[in-house]
>>> print(open('input.json').read())   # JSON, C-alpha atoms
[["chain", "number", "residue", "atom", "x", "y", "z"],
["A", 12, "MET", "CA", 25.21, -6.86, -30.15],
["A", 13, "ALA", "CA", 22.38, -4.41, -30.69],
["A", 14, "ASP", "CA", 20.20, -6.26, -28.15],
["A", 15, "ALA", "CA", 22.97, -6.18, -25.56],
["A", 16, "PHE", "CA", 23.47, -2.45, -26.06],
["A", 17, "ASP", "CA", 19.71, -1.84, -25.85],
["A", 18, "ARG", "CA", 19.44, -3.71, -22.55],
["A", 19, "ALA", "CA", 22.50, -1.95, -21.13],
["A", 20, "TRP", "CA", 21.04, 1.41, -22.11],
["A", 21, "ARG", "CA", 17.69, 0.59, -20.51],
["A", 22, "THR", "CA", 19.45, -0.53, -17.33],
["A", 23, "PHE", "CA", 21.25, 2.81, -17.26],
["A", 24, "GLY", "CA", 18.00, 4.64, -18.02],
["A", 25, "THR", "CA", 16.19, 2.81, -15.22],
["A", 26, "ALA", "CA", 18.97, 3.67, -12.74],
["A", 27, "LEU", "CA", 18.89, 7.29, -13.87],
["A", 28, "SER", "CA", 15.11, 7.32, -13.43],
["A", 29, "PHE", "CA", 15.37, 6.08, -9.84],
["A", 30, "ILE", "CA", 18.05, 8.65, -9.04],
["A", 31, "ALA", "CA", 16.00, 11.44, -10.60],
["A", 32, "PHE", "CA", 12.94, 10.37, -8.60],
["A", 33, "GLY", "CA", 14.84, 10.38, -5.31],
["A", 34, "VAL", "CA", 16.63, 13.66, -5.96],
["A", 35, "GLY", "CA", 13.40, 15.24, -7.15],
["A", 36, "GLY", "CA", 11.60, 14.24, -3.95],
["A", 37, "LEU", "CA", 14.43, 15.68, -1.86],
["A", 38, "LEU", "CA", 14.41, 18.97, -3.77],
["A", 39, "LEU", "CA", 10.66, 19.26, -3.39],
["A", 40, "ARG", "CA", 11.01, 18.82, 0.35],
["A", 41, "VAL", "CA", 14.02, 21.10, 0.86],
["A", 42, "LEU", "CA", 13.39, 23.88, -1.66],
["A", 43, "VAL", "CA", 10.03, 23.84, -3.41],
["A", 44, "PHE", "CA", 7.47, 23.08, -0.71],
["A", 45, "PRO", "CA", 8.95, 25.56, 1.82],
["A", 46, "LEU", "CA", 8.66, 28.28, -0.84],
["A", 47, "VAL", "CA", 5.11, 27.25, -1.67],
["A", 48, "GLY", "CA", 4.29, 27.35, 2.03],
["A", 49, "LEU", "CA", 5.50, 30.94, 2.29],
["A", 50, "PHE", "CA", 3.02, 32.04, -0.37],
["A", 51, "SER", "CA", 0.08, 29.91, 0.74],
["A", 52, "ARG", "CA", -2.44, 31.59, 3.01],
["A", 53, "ASP", "CA", -3.53, 28.41, 4.78],
["A", 54, "ARG", "CA", -2.92, 24.69, 5.06],
["A", 55, "ALA", "CA", -5.62, 23.76, 2.53],
["A", 56, "THR", "CA", -4.05, 26.02, -0.12],
["A", 57, "LEU", "CA", -0.61, 24.55, 0.54],
["A", 58, "GLU", "CA", -1.91, 20.99, 0.19],
["A", 59, "ARG", "CA", -3.77, 21.77, -3.04],
["A", 60, "ARG", "CA", -0.71, 23.40, -4.58],
["A", 61, "ALA", "CA", 1.54, 20.60, -3.37],
["A", 62, "ARG", "CA", -0.69, 17.98, -4.99],
["A", 63, "ALA", "CA", -0.61, 19.95, -8.24],
["A", 64, "LEU", "CA", 3.19, 20.03, -8.07],
["A", 65, "ILE", "CA", 3.35, 16.29, -7.44],
["A", 66, "ARG", "CA", 1.10, 15.71, -10.45],
["A", 67, "ALA", "CA", 3.33, 17.88, -12.65],
["A", 68, "SER", "CA", 6.56, 16.30, -11.38],
["A", 69, "PHE", "CA", 5.16, 12.78, -11.92],
["A", 70, "ALA", "CA", 4.15, 13.74, -15.46],
["A", 71, "GLY", "CA", 7.70, 14.99, -16.01],
["A", 72, "HIS", "CA", 9.10, 11.74, -14.64],
["A", 73, "ILE", "CA", 7.00, 9.71, -17.08],
["A", 74, "ARG", "CA", 8.28, 11.89, -19.94],
["A", 75, "VAL", "CA", 11.86, 11.23, -18.82],
["A", 76, "MET", "CA", 11.35, 7.45, -18.70],
["A", 77, "HIS", "CA", 9.66, 7.52, -22.08],
["A", 78, "GLY", "CA", 12.36, 9.75, -23.55],
["A", 79, "LEU", "CA", 15.09, 7.43, -22.27],
["A", 80, "GLY", "CA", 13.45, 4.51, -24.05],
["A", 81, "VAL", "CA", 12.66, 2.66, -20.82],
["A", 82, "MET", "CA", 8.89, 2.53, -21.31],
["A", 83, "THR", "CA", 5.89, 3.33, -23.47],
["A", 84, "PHE", "CA", 2.34, 3.86, -22.24],
["A", 85, "GLU", "CA", -1.28, 4.40, -23.19],
["A", 86, "ILE", "CA", -4.41, 5.30, -21.23],
["A", 87, "ARG", "CA", -7.87, 4.45, -22.51],
["A", 88, "GLY", "CA", -10.89, 6.20, -21.01],
["A", 89, "LEU", "CA", -8.77, 9.04, -19.65],
["A", 90, "GLU", "CA", -11.76, 11.41, -19.77],
["A", 91, "ARG", "CA", -13.34, 9.44, -16.93],
["A", 92, "LEU", "CA", -10.54, 10.61, -14.63],
["A", 93, "GLN", "CA", -11.16, 14.28, -15.40],
["A", 94, "ARG", "CA", -13.81, 14.62, -12.71],
["A", 95, "ARG", "CA", -13.86, 15.42, -9.01],
["A", 96, "GLY", "CA", -14.70, 13.33, -6.00],
["A", 97, "LEU", "CA", -13.71, 9.94, -7.43],
["A", 98, "LEU", "CA", -12.80, 6.78, -5.57],
["A", 99, "VAL", "CA", -10.31, 5.23, -8.02],
["A", 100, "LEU", "CA", -9.44, 1.58, -7.42],
["A", 101, "ALA", "CA", -6.68, 0.01, -9.51],
["A", 102, "ASN", "CA", -4.60, -3.13, -9.65],
["A", 103, "HIS", "CA", -0.89, -2.65, -8.99],
["A", 104, "PRO", "CA", 1.49, -4.65, -11.23],
["A", 105, "THR", "CA", 4.50, -2.32, -11.10],
["A", 106, "LEU", "CA", 6.09, 0.59, -9.25],
["A", 107, "VAL", "CA", 5.50, 2.91, -12.18],
["A", 108, "ASP", "CA", 1.69, 2.62, -12.37],
["A", 109, "VAL", "CA", 1.13, 4.94, -9.41],
["A", 110, "VAL", "CA", 3.37, 7.58, -11.04],
["A", 111, "LEU", "CA", 1.44, 7.43, -14.31],
["A", 112, "LEU", "CA", -1.97, 7.44, -12.61],
["A", 113, "VAL", "CA", -1.22, 10.38, -10.30],
["A", 114, "SER", "CA", 0.22, 12.32, -13.24],
["A", 115, "ARG", "CA", -3.18, 12.11, -14.96],
["A", 116, "LEU", "CA", -5.54, 12.38, -11.96],
["A", 117, "PRO", "CA", -6.57, 15.90, -10.92],
["A", 118, "ASP", "CA", -6.10, 16.70, -7.20],
["A", 119, "ALA", "CA", -5.11, 13.12, -6.42],
["A", 120, "ASP", "CA", -5.10, 11.93, -2.84],
["A", 121, "CYS", "CA", -3.48, 8.65, -1.79],
["A", 122, "VAL", "CA", -3.27, 6.31, 1.17],
["A", 123, "VAL", "CA", 0.44, 5.89, 1.86],
["A", 124, "LYS", "CA", 2.44, 3.73, 4.22],
["A", 125, "SER", "CA", 3.44, 5.54, 7.38],
["A", 126, "ARG", "CA", 7.11, 4.80, 6.77],
["A", 127, "LEU", "CA", 6.99, 7.05, 3.69],
["A", 128, "ALA", "CA", 6.20, 9.99, 5.98],
["A", 129, "ASN", "CA", 9.61, 9.42, 7.63],
["A", 130, "ASN", "CA", 11.66, 8.61, 4.53],
["A", 131, "PRO", "CA", 13.94, 11.61, 3.73],
["A", 132, "PHE", "CA", 13.14, 11.37, 0.01],
["A", 133, "THR", "CA", 9.36, 11.12, 0.38],
["A", 134, "ARG", "CA", 8.32, 12.70, 3.67],
["A", 135, "GLY", "CA", 8.31, 16.23, 2.23],
["A", 136, "PRO", "CA", 5.78, 15.44, -0.50],
["A", 137, "VAL", "CA", 3.70, 13.20, 1.81],
["A", 138, "ARG", "CA", 3.38, 15.84, 4.52],
["A", 139, "ALA", "CA", 2.91, 18.82, 2.21],
["A", 140, "THR", "CA", 0.18, 17.18, 0.15],
["A", 141, "GLY", "CA", -1.81, 15.97, 3.14],
["A", 142, "TYR", "CA", -1.83, 12.40, 1.83],
["A", 143, "ILE", "CA", -3.57, 9.96, 4.16],
["A", 144, "CYS", "CA", -1.22, 7.77, 6.22],
["A", 145, "ASN", "CA", -2.37, 4.24, 6.90],
["A", 146, "ASP", "CA", -1.51, 4.41, 10.62],
["A", 147, "ASN", "CA", -4.73, 6.18, 11.63],
["A", 148, "GLY", "CA", -6.45, 2.95, 12.66],
["A", 149, "ALA", "CA", -10.21, 3.21, 12.98],
["A", 150, "GLY", "CA", -10.21, 6.75, 11.59],
["A", 151, "LEU", "CA", -8.66, 5.74, 8.27],
["A", 152, "VAL", "CA", -11.98, 4.91, 6.57],
["A", 153, "ASP", "CA", -13.51, 8.19, 7.74],
["A", 154, "ASP", "CA", -10.49, 10.14, 6.50],
["A", 155, "CYS", "CA", -10.81, 8.49, 3.09],
["A", 156, "ILE", "CA", -14.53, 9.23, 2.84],
["A", 157, "ALA", "CA", -13.93, 12.84, 3.84],
["A", 158, "SER", "CA", -11.24, 13.16, 1.16],
["A", 159, "VAL", "CA", -13.59, 12.05, -1.62],
["A", 160, "ARG", "CA", -16.48, 14.17, -0.36],
["A", 161, "SER", "CA", -14.22, 17.22, -0.30],
["A", 162, "GLY", "CA", -13.72, 16.83, -4.06],
["A", 163, "ARG", "CA", -10.34, 15.15, -4.07],
["A", 164, "ASN", "CA", -9.79, 12.03, -6.17],
["A", 165, "LEU", "CA", -8.72, 9.21, -3.88],
["A", 166, "LEU", "CA", -6.50, 6.51, -5.41],
["A", 167, "ILE", "CA", -6.29, 3.12, -3.69],
["A", 168, "PHE", "CA", -4.75, -0.19, -4.73],
["A", 169, "PRO", "CA", -6.99, -2.88, -3.18],
["A", 170, "GLU", "CA", -4.23, -5.48, -3.45],
["A", 171, "GLY", "CA", -2.39, -3.48, -0.81],
["A", 172, "THR", "CA", 0.96, -4.14, -2.49],
["A", 173, "ARG", "CA", 2.27, -4.90, -5.94],
["A", 174, "THR", "CA", 0.97, -8.00, -7.69],
["A", 175, "PRO", "CA", 3.22, -10.98, -6.88],
["A", 176, "ALA", "CA", 5.34, -12.31, -9.75],
["A", 177, "GLY", "CA", 3.62, -14.97, -11.82],
["A", 178, "GLU", "CA", 0.10, -13.85, -10.86],
["A", 179, "ARG", "CA", -2.39, -11.73, -12.76],
["A", 180, "LEU", "CA", -3.89, -10.28, -9.59],
["A", 181, "GLY", "CA", -3.05, -10.55, -5.91],
["A", 182, "PRO", "CA", -5.70, -11.08, -3.20],
["A", 183, "LEU", "CA", -7.88, -8.00, -2.76],
["A", 184, "GLN", "CA", -8.22, -6.52, 0.70],
["A", 185, "ARG", "CA", -11.64, -5.25, 1.79],
["A", 186, "GLY", "CA", -10.48, -1.85, 2.99],
["A", 187, "ALA", "CA", -11.26, -0.06, -0.27],
["A", 188, "ALA", "CA", -14.71, -1.67, -0.47],
["A", 189, "ASN", "CA", -15.39, -0.66, 3.14],
["A", 190, "ILE", "CA", -14.73, 2.95, 2.18],
["A", 191, "ALA", "CA", -17.07, 2.72, -0.80],
["A", 192, "VAL", "CA", -19.84, 1.00, 1.18],
["A", 193, "ARG", "CA", -19.71, 3.14, 4.30],
["A", 194, "GLY", "CA", -19.41, 6.36, 2.30],
["A", 195, "ARG", "CA", -21.95, 5.28, -0.35],
["A", 196, "LEU", "CA", -19.31, 6.09, -2.96],
["A", 197, "ASP", "CA", -19.35, 4.68, -6.49],
["A", 198, "VAL", "CA", -16.07, 3.18, -7.66],
["A", 199, "THR", "CA", -14.00, 4.03, -10.74],
["A", 200, "PRO", "CA", -12.02, 0.85, -11.61],
["A", 201, "VAL", "CA", -8.71, 1.14, -13.47],
["A", 202, "VAL", "CA", -7.21, -2.02, -14.96],
["A", 203, "ILE", "CA", -3.44, -1.84, -15.48],
["A", 204, "ARG", "CA", -1.22, -4.12, -17.55],
["A", 205, "CYS", "CA", 2.55, -4.03, -17.73],
["A", 206, "GLU", "CA", 4.16, -5.98, -20.59],
["A", 207, "PRO", "CA", 6.74, -7.36, -20.13],
["A", 208, "ARG", "CA", 6.38, -7.44, -16.36],
["A", 209, "THR", "CA", 8.96, -5.35, -14.51],
["A", 210, "LEU", "CA", 9.42, -3.60, -11.17],
["A", 211, "GLY", "CA", 6.83, -5.88, -9.63],
["A", 212, "LYS", "CA", 6.83, -7.24, -6.11],
["A", 213, "GLY", "CA", 10.22, -8.74, -5.29],
["A", 214, "GLU", "CA", 11.75, -7.79, -8.65],
["A", 215, "LYS", "CA", 15.09, -5.96, -8.64],
["A", 216, "TRP", "CA", 15.25, -2.70, -10.59],
["A", 217, "TYR", "CA", 18.34, -3.81, -12.52],
["A", 218, "ARG", "CA", 16.66, -6.92, -13.93],
["A", 219, "VAL", "CA", 15.25, -5.07, -16.89],
["A", 220, "PRO", "CA", 12.92, -6.92, -19.27],
["A", 221, "PRO", "CA", 14.06, -8.10, -22.73],
["A", 222, "ARG", "CA", 12.44, -5.03, -24.31],
["A", 223, "ARG", "CA", 11.12, -1.72, -23.05],
["A", 224, "PHE", "CA", 7.95, -2.22, -21.10],
["A", 225, "HIS", "CA", 4.53, -0.98, -22.11],
["A", 226, "LEU", "CA", 2.12, 0.27, -19.46],
["A", 227, "CYS", "CA", -1.54, 0.19, -20.49],
["A", 228, "MET", "CA", -4.36, 1.59, -18.35],
["A", 229, "ASP", "CA", -8.07, 1.11, -19.00],
["A", 230, "VAL", "CA", -10.31, 3.45, -17.02],
["A", 231, "LEU", "CA", -13.63, 1.61, -16.84],
["A", 232, "PRO", "CA", -17.14, 3.02, -16.30],
["A", 233, "ASP", "CA", -18.08, 3.66, -12.69],
["A", 234, "LEU", "CA", -19.26, 0.70, -10.63],
["A", 235, "PRO", "CA", -22.30, 1.83, -8.56],
["A", 236, "VAL", "CA", -22.22, 0.82, -4.93],
["A", 237, "SER", "CA", -25.99, 0.99, -4.31],
["A", 238, "PRO", "CA", -26.82, -2.49, -5.76],
["A", 239, "PHE", "CA", -24.55, -4.06, -3.16],
["A", 240, "LEU", "CA", -26.59, -2.44, -0.37],
["A", 241, "GLU", "CA", -30.07, -3.42, -1.53],
["A", 242, "ASP", "CA", -32.50, -5.57, 0.46],
["A", 243, "GLY", "CA", -31.08, -4.63, 3.83],
["A", 244, "VAL", "CA", -27.66, -6.16, 3.23],
["A", 245, "THR", "CA", -25.23, -5.37, 6.05],
["A", 246, "GLU", "CA", -22.22, -3.21, 5.30],
["A", 247, "PRO", "CA", -19.67, -6.01, 5.95],
["A", 248, "LEU", "CA", -21.50, -8.33, 3.55],
["A", 249, "ALA", "CA", -21.82, -5.56, 0.98],
["A", 250, "ALA", "CA", -18.08, -4.89, 1.25],
["A", 251, "ARG", "CA", -17.30, -8.58, 0.70],
["A", 252, "ARG", "CA", -19.56, -8.71, -2.35],
["A", 253, "LEU", "CA", -18.09, -5.50, -3.77],
["A", 254, "THR", "CA", -14.57, -6.84, -3.26],
["A", 255, "ALA", "CA", -15.50, -10.06, -5.09],
["A", 256, "ALA", "CA", -17.07, -8.06, -7.93],
["A", 257, "LEU", "CA", -13.92, -5.94, -8.26],
["A", 258, "GLY", "CA", -11.80, -9.08, -8.37],
["A", 259, "ASP", "CA", -13.99, -10.46, -11.15],
["A", 260, "ILE", "CA", -13.70, -7.20, -13.10],
["A", 261, "PHE", "CA", -9.92, -6.98, -12.78],
["A", 262, "THR", "CA", -9.37, -10.67, -13.55],
["A", 263, "GLY", "CA", -11.80, -10.67, -16.47],
["A", 264, "GLU", "CA", -10.22, -7.62, -18.09],
["A", 265, "LEU", "CA", -6.69, -8.97, -17.60],
["A", 266, "LEU", "CA", -7.66, -12.33, -19.07],
["A", 267, "ARG", "CA", -9.39, -10.68, -22.02],
["A", 268, "ALA", "CA", -6.35, -8.53, -22.72],
["A", 269, "GLY", "CA", -4.07, -11.56, -22.49],
["A", 270, "ALA", "CA", -6.22, -13.49, -24.92],
["A", 271, "GLY", "CA", -5.98, -10.64, -27.39],
["A", 272, "HIS", "CA", -2.21, -10.87, -27.61]]
>>> encode(input="input.json", output="structure tokens")
Amino acid sequence: MADAFDRAWRTFGTALSFIAFGVGGLLLRVLVFPLVGLFSRDRATLERRARALIRASFAGHIRVMHGLGVMTFEIRGLERLQRRGLLVLANHPTLVDVVLLVSRLPDADCVVKSRLANNPFTRGPVRATGYICNDNGAGLVDDCIASVRSGRNLLIFPEGTRTPAGERLGPLQRGAANIAVRGRLDVTPVVIRCEPRTLGKGEKWYRVPPRRFHLCMDVLPDLPVSPFLEDGVTEPLAARRLTAALGDIFTGELLRAGAGH
């Protein structure tokens, strides 16, 4: 009986969390960001303030989910995120990981799907923050490099989508490595685990796990890009090698964590 009540409550809490997220995004677009725009002297100031508001609202959302008993979380190596000009590459097991990461990453920039710029619940935040849309074609890599060099912290999920159910890690795309190689940018890897798995690719929100889920993030030491460019290695080859190295890091950390349970 107690287990049934707990699951019902967490289903309600998850639904409430989704509603709060959607309503919050709409309020930001309709009320908050227009007011911020009135008191911002230029576009750069508006974007910086909008990103700070997104960070604060995401932190509030995590507190709500935790307070409702839907989730718990921990972040190890958080101090490594408290810098500027980072290229943060993370695996992507669940919808919630991006919310937790952005809530702890100063001046976070993201590459978002173009459809989010037209979604009524998300287009306000996407446009106000100046997040990078993935429809810029050949200019996308340059936009990402410019973001990091300006001092923003760029967050990318090399899998490109959430990890498929039943897999530790989906195939890594080379786009993130191309940014690192062309921009000569070191990488800050973040390994994320969600136990039990929930809100992954293809998973319905109402299929809550048997207990509240625990989100664990390990912020690893920076991975220098220069060794991948030694001895006259071409940029495409360096990007392939960097992608393979990232895959080894993510897989190794996930396996090690699994063996420890």
>>> atom_distance(input="input.json", atom1="atom CA of A:Arg179", atom2="atom CA of A:Ile167")
17.8 Å
>>> closest_residue(input="input.json", among="A:Gly181, A:Pro238, A:Pro169, A:Pro175", to="A:Leu210", atoms="all atoms listed in the file")
A:Pro175
>>> closest_residue(input="input.json", among="A:Pro117, A:Gly135, A:Gly36, A:Pro200", to="A:His103", atoms="all atoms listed in the file")
A:Pro200
>>> atom_distance(input="input.json", atom1="atom CA of A:Asp259", atom2="atom CA of A:Arg163")
26.8 Å
>>> axis_aligned_box(input="input.json", around="stretch 133-141 of chain A", padding_each_side="3 Å", output="AutoDock Vina command-line options")
--center_x 3.8 --center_y 15.0 --center_z 2.0 --size_x 17.2 --size_y 13.7 --size_z 11.0
>>> residues_near_point(input="input.json", point="(2.7, 16.2, 4.8)", cutoff="12 Å", atoms="all atoms listed in the file", output="PyMOL selection string")
chain A and resi 39-40+44-45+48+54-55+57-59+61-62+120-121+123+125+127-130+133-144
>>> closest_residue(input="input.json", among="A:Arg115, A:Arg218, A:Arg193, A:Arg173", to="A:Phe69", atoms="all atoms listed in the file")
A:Arg115
>>> atom_distance(input="input.json", atom1="atom CA of A:Ala250", atom2="atom CA of A:Lys212")
26.1 Å
>>> closest_residue(input="input.json", among="A:Leu240, A:Asn145, A:Leu265, A:Thr245", to="A:Arg204", atoms="only C-alpha atoms")
A:Leu265
>>> residues_around(input="input.json", residues="A:Thr262", least_positions_apart="2", cutoff="10 Å", atoms="all atoms listed in the file", output="list in words")
Asn102, Arg179, Leu180, Gly181, Val202, Ala256, Leu257, Gly258, Asp259, Ile260, Glu264, Leu265, Leu266, Arg267 and Ala268 of chain A
>>> closest_residue(input="input.json", among="A:Thr22, A:Pro131, A:Thr105, A:Gln184", to="A:Glu206", atoms="only C-alpha atoms")
A:Thr105
>>> closest_residue(input="input.json", among="A:Gly35, A:Leu64, A:Arg195, A:Leu183", to="A:Val47", atoms="all atoms listed in the file")
A:Leu64
>>> residues_around(input="input.json", residues="A:Gly194", least_positions_apart="4", cutoff="12 Å", atoms="all atoms listed in the file", output="PDB file with C-alpha atoms, in the coordinates of the input")
ATOM      1  CA  GLY A  96     -14.700  13.330  -6.000  1.00  0.00           C
ATOM      2  CA  LEU A  97     -13.710   9.940  -7.430  1.00  0.00           C
ATOM      3  CA  LEU A  98     -12.800   6.780  -5.570  1.00  0.00           C
ATOM      4  CA  VAL A 152     -11.980   4.910   6.570  1.00  0.00           C
ATOM      5  CA  ASP A 153     -13.510   8.190   7.740  1.00  0.00           C
ATOM      6  CA  ASP A 154     -10.490  10.140   6.500  1.00  0.00           C
ATOM      7  CA  CYS A 155     -10.810   8.490   3.090  1.00  0.00           C
ATOM      8  CA  ILE A 156     -14.530   9.230   2.840  1.00  0.00           C
ATOM      9  CA  ALA A 157     -13.930  12.840   3.840  1.00  0.00           C
ATOM     10  CA  SER A 158     -11.240  13.160   1.160  1.00  0.00           C
ATOM     11  CA  VAL A 159     -13.590  12.050  -1.620  1.00  0.00           C
ATOM     12  CA  ARG A 160     -16.480  14.170  -0.360  1.00  0.00           C
ATOM     13  CA  ALA A 187     -11.260  -0.060  -0.270  1.00  0.00           C
ATOM     14  CA  ALA A 188     -14.710  -1.670  -0.470  1.00  0.00           C
ATOM     15  CA  ASN A 189     -15.390  -0.660   3.140  1.00  0.00           C
ATOM     16  CA  ILE A 190     -14.730   2.950   2.180  1.00  0.00           C
ATOM     17  CA  VAL A 198     -16.070   3.180  -7.660  1.00  0.00           C
ATOM     18  CA  VAL A 236     -22.220   0.820  -4.930  1.00  0.00           C
ATOM     19  CA  SER A 237     -25.990   0.990  -4.310  1.00  0.00           C
ATOM     20  CA  LEU A 240     -26.590  -2.440  -0.370  1.00  0.00           C
ATOM     21  CA  GLU A 246     -22.220  -3.210   5.300  1.00  0.00           C
ATOM     22  CA  ALA A 250     -18.080  -4.890   1.250  1.00  0.00           C
TER      23      ALA A 250
END
>>> residues_near_point(input="input.json", point="(-10.6, 0.1, -17.8)", cutoff="9 Å", atoms="all atoms listed in the file", output="list in words")
Ile86, Arg87, Gly88, Thr199, Pro200, Val201, Val202, Ile203, Met228, Asp229, Val230, Leu231, Pro232, Phe261 and Glu264 of chain A
>>> residues_around(input="input.json", residues="A:His72", least_positions_apart="6", cutoff="10 Å", atoms="only C-alpha atoms", output="ChimeraX atom specification")
/A:28-29,31-32,35,66,78,107,110-111,114
>>> write_last_selection(input="input.json", atoms="C-alpha atoms", output="JSON list (two decimals), in the coordinates of the input")
[["chain", "number", "residue", "atom", "x", "y", "z"],
["A", 28, "SER", "CA", 15.11, 7.32, -13.43],
["A", 29, "PHE", "CA", 15.37, 6.08, -9.84],
["A", 31, "ALA", "CA", 16.00, 11.44, -10.60],
["A", 32, "PHE", "CA", 12.94, 10.37, -8.60],
["A", 35, "GLY", "CA", 13.40, 15.24, -7.15],
["A", 66, "ARG", "CA", 1.10, 15.71, -10.45],
["A", 78, "GLY", "CA", 12.36, 9.75, -23.55],
["A", 107, "VAL", "CA", 5.50, 2.91, -12.18],
["A", 110, "VAL", "CA", 3.37, 7.58, -11.04],
["A", 111, "LEU", "CA", 1.44, 7.43, -14.31],
["A", 114, "SER", "CA", 0.22, 12.32, -13.24]]
>>> build_atoms(input="input.json", residues="stretch 152-163 of chain A", atoms="N, CA, C and O atoms", output="CSV table (one decimal), in the coordinates of the input")
chain,number,residue,atom,x,y,z
A,152,VAL,N,-10.8,4.9,7.5
A,152,VAL,CA,-12.0,4.9,6.6
A,152,VAL,C,-12.7,6.3,6.5
A,152,VAL,O,-13.0,6.8,5.5
A,153,ASP,N,-12.9,6.9,7.7
A,153,ASP,CA,-13.5,8.2,7.7
A,153,ASP,C,-12.7,9.2,7.0
A,153,ASP,O,-13.2,10.1,6.3
A,154,ASP,N,-11.4,9.2,7.2
A,154,ASP,CA,-10.5,10.1,6.5
A,154,ASP,C,-10.6,10.0,5.0
A,154,ASP,O,-10.6,11.0,4.2
A,155,CYS,N,-10.7,8.7,4.5
A,155,CYS,CA,-10.8,8.5,3.1
A,155,CYS,C,-12.2,9.0,2.5
A,155,CYS,O,-12.2,9.6,1.5
A,156,ILE,N,-13.2,8.7,3.3
A,156,ILE,CA,-14.5,9.2,2.8
A,156,ILE,C,-14.5,10.7,2.8
A,156,ILE,O,-15.0,11.4,1.8
A,157,ALA,N,-14.0,11.4,3.8
A,157,ALA,CA,-13.9,12.8,3.8
A,157,ALA,C,-13.1,13.4,2.7
A,157,ALA,O,-13.5,14.4,2.1
A,158,SER,N,-12.1,12.7,2.3
A,158,SER,CA,-11.2,13.2,1.2
A,158,SER,C,-12.1,13.2,-0.1
A,158,SER,O,-12.0,14.2,-0.9
A,159,VAL,N,-12.8,12.1,-0.4
A,159,VAL,CA,-13.6,12.0,-1.6
A,159,VAL,C,-14.7,13.1,-1.6
A,159,VAL,O,-15.0,13.8,-2.6
A,160,ARG,N,-15.4,13.2,-0.5
A,160,ARG,CA,-16.5,14.2,-0.4
A,160,ARG,C,-16.0,15.6,-0.5
A,160,ARG,O,-16.8,16.5,-0.8
A,161,SER,N,-14.7,15.9,-0.2
A,161,SER,CA,-14.2,17.2,-0.3
A,161,SER,C,-13.9,17.6,-1.7
A,161,SER,O,-13.6,18.7,-2.0
A,162,GLY,N,-14.0,16.6,-2.6
A,162,GLY,CA,-13.7,16.8,-4.1
A,162,GLY,C,-12.4,16.3,-4.5
A,162,GLY,O,-12.1,16.4,-5.7
A,163,ARG,N,-11.6,15.8,-3.6
A,163,ARG,CA,-10.3,15.2,-4.1
A,163,ARG,C,-10.6,13.8,-4.8
A,163,ARG,O,-11.7,13.2,-4.6
